[in-house]
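Here the structure is laid out as structure tokens; the discussion comes afterwards.
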Amino acid sequence: MFMTHENITSGNVDTITSNGIATITFSHPASNSLPGMLLRKLADKIREAGDDELVRVIVLKSAGEKAFCAGASFDELVSISNMEEGKRFFSGFANVINTMRKVPKLIIGRVQGKTVGGGVGLASAVDYCFATETASIKLSELAIGIGPFVVGPAVERKTGLAAMSQLAIDATSWQSARWAESKGLFNAVFPNTADMDNEVDTLAAKLAASSPEAMAALKKTFWTGTDHWDELLSERAAISGELVLSTFTRDAIASFKMGNR
Amino acid sequence: MFMTHENITSGNVDTITSNGIATITFSHPASNSLPGMLLRKLADKIREAGDDELVRVIVLKSAGEKAFCAGASFDELVSISNMEEGKRFFSGFANVINTMRKVPKLIIGRVQGKTVGGGVGLASAVDYCFATETASIKLSELAIGIGPFVVGPAVERKTGLAAMSQLAIDATSWQSARWAESKGLFNAVFPNTADMDNEVDTLAAKLAASSPEAMAALKKTFWTGTDHWDELLSERAAISGELVLSTFTRDAIASFKMGNR
Amino acid sequence: MFMTHENITSGNVDTITSNGIATITFSHPASNSLPGMLLRKLADKIREAGDDELVRVIVLKSAGEKAFCAGASFDELVSISNMEEGKRFFSGFANVINTMRKVPKLIIGRVQGKTVGGGVGLASAVDYCFATETASIKLSELAIGIGPFVVGPAVERKTGLAAMSQLAIDATSWQSARWAESKGLFNAVFPNTADMDNEVDTLAAKLAASSPEAMAALKKTFWTGTDHWDELLSERAAISGELVLSTFTRDAIASFKMGNR
């Protein structure tokens with residue numbers, strides 16, 4: 001895959017609000033990967049839904065049938081040339097996760113397929129996550145000389161340290177959706193998208209009819225102890241931003257660009 | 001179900017001590033729900049067993065074959081008319097959990113059937129919990145416009161955040177005893193009460209013959225980092241105590257009183 | 001089993017380094033139990049591998065087919081006559097765990113069989129742990145009037161509180177390797193040693209070819225919040241060091257020496 005300006009600027013984020021449910025859908029032609037521009041849009045849309053008095057609950061999903069999210073944009077990653085750019089790049093997912101953390105509304109995740117890197121961070125940062133059996137996950141960062149530093153705290157918060165570190169260390173292996181369910185990252189896993197969507201709709205409707213004050217108070221207690229995440233995830237972005245400049249990563253990227261991704 | 005003075009004042013807590021094992025049994029005609037008066041008795045009985053030099057280990061159980069505990073008393077909840085009353089009401093389970101936390105003796109839980117709300121808090125606050133396969137659990141608070149704020153820390157301490165928040169958000173679904181076992185809330189699950197009781201007796205006898213000093217030191221390390229729970233659970237009781245006065249809860253209660261519980 | 005000077009001084013620790021992988025193997029004729037002298041050697045070997053620039057990743061294993069590690073040396077434990085000796089004895093595993101924690105390299109564990117007490121601590125303190133189906137675990141300390149105070153934090157860090165406290169309380173029961181896997185202590189479990197070794201070799205080779213800087217940064221994030229463990233584990237060693245002098249432990253030891261181990 002070659003660096004293309006098109007990939008960095010393409011993709012979209014849409015919100016549809018109905019009956020108190022804001023459904024936010026992100027899409028990108030490259031397996032729903034998320035370039036910085038799209039991550040900023042996504043954070044904005046989540047913040048808007050959080051502020052919208054008509055919205056009682058948020059559903060986060062991506063377009064298409066195959067991949068939920070391929071993570072950060074590889075095309076954009078290869079263009080990083082200094083630490084400042086690196087930190088800014090890796091702050092994209094940090095900003096989305098921190099926005100998800102701060103909106104006073106519960107967020108339901110809908111994961112219809114494979115999820116990598118930053119996408120696992122999104123699935124971890126929702127408050128309740130549905131998935132299909134095809135929704136395998138992978139934290140592949142170490143394979144290109146970086147690490148899941150930004151999403152690590154979000155993943156660990158849901159799965160505990162053991163599962164998070166397993167994903168981070170075994171960077172080339174997929175873990176199944178059932179594994180992710182057993183570790184707490186997914187709350188329920190379904191054989192197909194239709195079954196999953198039934199349950200997403202049912203829970204979203206229930207929550208849309210629930211007390212907004214009680215849900216806001218619940219959300220606050222769920223995220224107790226994460227007040228320092230603005231700083232923490234920023235520091236984590238800086239770690240990746242420095243590592244990405246290493247010879248190791250440069251070589252790995254060159255190898256990938258040769259078709260060995 | 002209508003508010004009855006009888007339900008608020010009925011129920012009992014008994015302790016039988018034998019061979020170093022204090023078996024504390026609570027009972028209430030309404031599915032072992034726990035009105036404030038009964039919660040105070042329960043805390044007292046646990047404290048007494050903690051102070052009794054003849055007691056080496058405590059077994060906590062409830063009467064009957066069907067429900068372990070239906071949680072707080074609905075009849076009492078509907079009578080709350082201001083924040084102070086609300087906070088006092090929700091402090092009932094907080095006091096029991098804090099008492100369980102502080103007694104220098106290990107507490108074994110025996111859960112023979114369904115468990116809701118505060119009852120899940122009790123099952124979480126024991127140090128080792130046995131259950132039967134019928135012991136499904138539910139945190140139903142959100143369905144009436146409040147939340148499992150008081151029991152949340154106790155549940156999360158055993159299950160982690162993911163399982164606790166799943167229970168809190170999906171307030172109308174039962175989770176199975178096997179699910180609770182996989183999340184760490186139950187340590188062992190049995191097909192029937194007789195099999196469970198064999199294991200309760202075996203472990204209680206072993207612990208009654210174990211070093212009291214070692215068990216007291218173990219208990220202390222298990223509860224490391226919870227010194228602030230007197231304040232935390234009190235703050236949590238205040239959150240529920242305020243939410244319970246909301247129109248949402250008033251309407252939910254009115255709906256339940258119409259037979260829609 | 002009678003106290004023998006031979007058991008206290010026997011055993012060995014070897015390091016073989018090849019292709020960036022340091023394989024550290026400890027061995028002791030008494031089921032790979034670890035007397036203080038051997039624990040010091042083990043900590044030294046781990047520290048050396050951590051400092052060796054040729055080493056990219058460490059594999060920790062023990063000799064033989066049957067037991068991974070029987071824990072502390074019983075022969076040495078029975079000779080403790082005062083609190084200072086007791087604390088020193090129990091600091092042996094503390095020092096190894098703290099060394100594992102501090103080396104800037106990922107440690108892969110290979111657990112080929114049963115593991116008890118301090119051995120469970122070692123299996124918990126590696127960063128990624130492979131095991132066979134025969135690798136049952138037990139924290140048996142309470143059975144002789146002490147507790148898994150030193151290894152507790154390492155076990156809890158991987159399994160959470162519920163599983164750690166279950167092991168500590170039910171001190172005479174083995175938990176299966178599959179149970180340990182479900183709790184996060186083992187990351188993967190295999191039907192036999194050959195299958196396990198294939199995967200150990202594969203992951204070690206992958207990590208030996210990964211970015212050392214990224215792995216060092218990962219290791220640091222994995223162990224975030226454990227900076228106080230030098231003091232914590234030392235305090236924990238003092239708890240065991242005092243309990244081991246109790247009449248309870250003396251009697252338990254006398255009973256074991258009569259062949260009732």
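Letters A, B, ... mark the chains of the structure tokens in the order given; residue numbers begin at 1 per chain; ligand numbers begin at 1, in order shown.
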- request: Just need the residues of chain A within 8 Å of chain C, counting only C-alpha atoms, so spit them out as a list in words.
  value: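 Residues passing the distance filter: Leu142, Ala143, Gly145, Ile146, Gly147, Phe149, Gly160, Leu161, Ala162, Ala163, Ser165, Gln166, Ala168, Ile169, Asp170, Ser182, Ile239, Leu243 and Phe248 of chain A.
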message: Need to verify the contact set: range 52-54 of chain A, 12 Å, only C-alpha atoms, exclusion of same-chain residues closer than 2 positions in sequence. Can you return it as a list in words?
response: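 Counting only the stated atoms, we get Thr15, Ile16, Thr17, Ser18, Asn19, Gly20, Ile21, Ala22, Lys45, Ile46, Arg47, Glu48, Ala49, Gly50, Arg56, Val57, Ile58, Val103, Pro104, Lys105, Ala208, Ala209 and Pro212 of chain A.
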Helix (DSSP H, G or I) residues, from DSSP on the backbone, in range 11-238 of chain A, as number ranges by chain: A: 36-51, 74-77, 83-102, 118-125, 141-144, 152-159, 161-169, 177-182, 193-208, 212-222, 229-238
- request: Write out as a list in words all residues of range 111-209 of chain C that backbone DSSP assigns to strand (DSSP E or B).
  value: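 Strand (DSSP E or B) assignments inside range 111-209 of chain C correspond to Val111, Lys114, Thr115, Val116, Tyr128, Cys129, Phe130, Ala131, Thr132, Ile137, Lys138, Gln175, Ala188, Val189 and Phe190 of chain C.
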query: How many Å lie between CA of Phe256 in chain C and CA of Ile144 in chain C, rounded to one decimal?
result: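 Computing it gives 9.3 Å between the two atoms.
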message: What's around Val200 in chain A at 10 Å? Count only C-alpha atoms, leave out sequence neighbours fewer than 6 positions away in its own chain, and write the answer as a PyMOL selection string.
response: chain A and resi 59+108-110+128-131+194+206
Just-selected residues, N, CA and C atoms written as a tab-separated table (two decimals), in the first residue's frame:
```tsv
chain	number	residue	atom	x	y	z
A	59	VAL	N	-24.69	5.47	20.17
A	59	VAL	CA	-24.22	4.21	19.59
A	59	VAL	C	-23.07	4.54	18.65
A	108	ILE	N	-22.66	3.00	23.55
A	108	ILE	CA	-22.72	1.59	23.18
A	108	ILE	C	-21.87	1.38	21.94
A	109	GLY	N	-20.99	0.39	21.96
A	109	GLY	CA	-20.20	0.08	20.78
A	109	GLY	C	-20.81	-1.07	20.00
A	110	ARG	N	-20.64	-1.01	18.68
A	110	ARG	CA	-21.15	-2.07	17.79
A	110	ARG	C	-20.00	-2.46	16.87
A	128	TYR	N	-20.35	0.02	26.84
A	128	TYR	CA	-20.95	-1.31	26.67
A	128	TYR	C	-20.70	-1.72	25.24
A	129	CYS	N	-20.09	-2.88	25.03
A	129	CYS	CA	-19.67	-3.21	23.67
A	129	CYS	C	-20.26	-4.53	23.16
A	130	PHE	N	-21.00	-4.44	22.06
A	130	PHE	CA	-21.51	-5.61	21.36
A	130	PHE	C	-20.57	-5.94	20.20
A	131	ALA	N	-20.47	-7.23	19.87
A	131	ALA	CA	-19.61	-7.62	18.75
A	131	ALA	C	-20.16	-8.88	18.10
A	194	ALA	N	-27.12	-9.33	12.24
A	194	ALA	CA	-28.55	-9.10	12.49
A	194	ALA	C	-28.88	-9.33	13.97
A	206	LYS	N	-33.87	0.91	25.61
A	206	LYS	CA	-34.02	0.89	27.06
A	206	LYS	C	-33.32	2.08	27.71
```
message: With distances taken over only C-alpha atoms, which residue among A:Val151, A:Ile107, A:Met164, A:Leu60 lies nearest Ala72 in chain A?
response: A:Val151
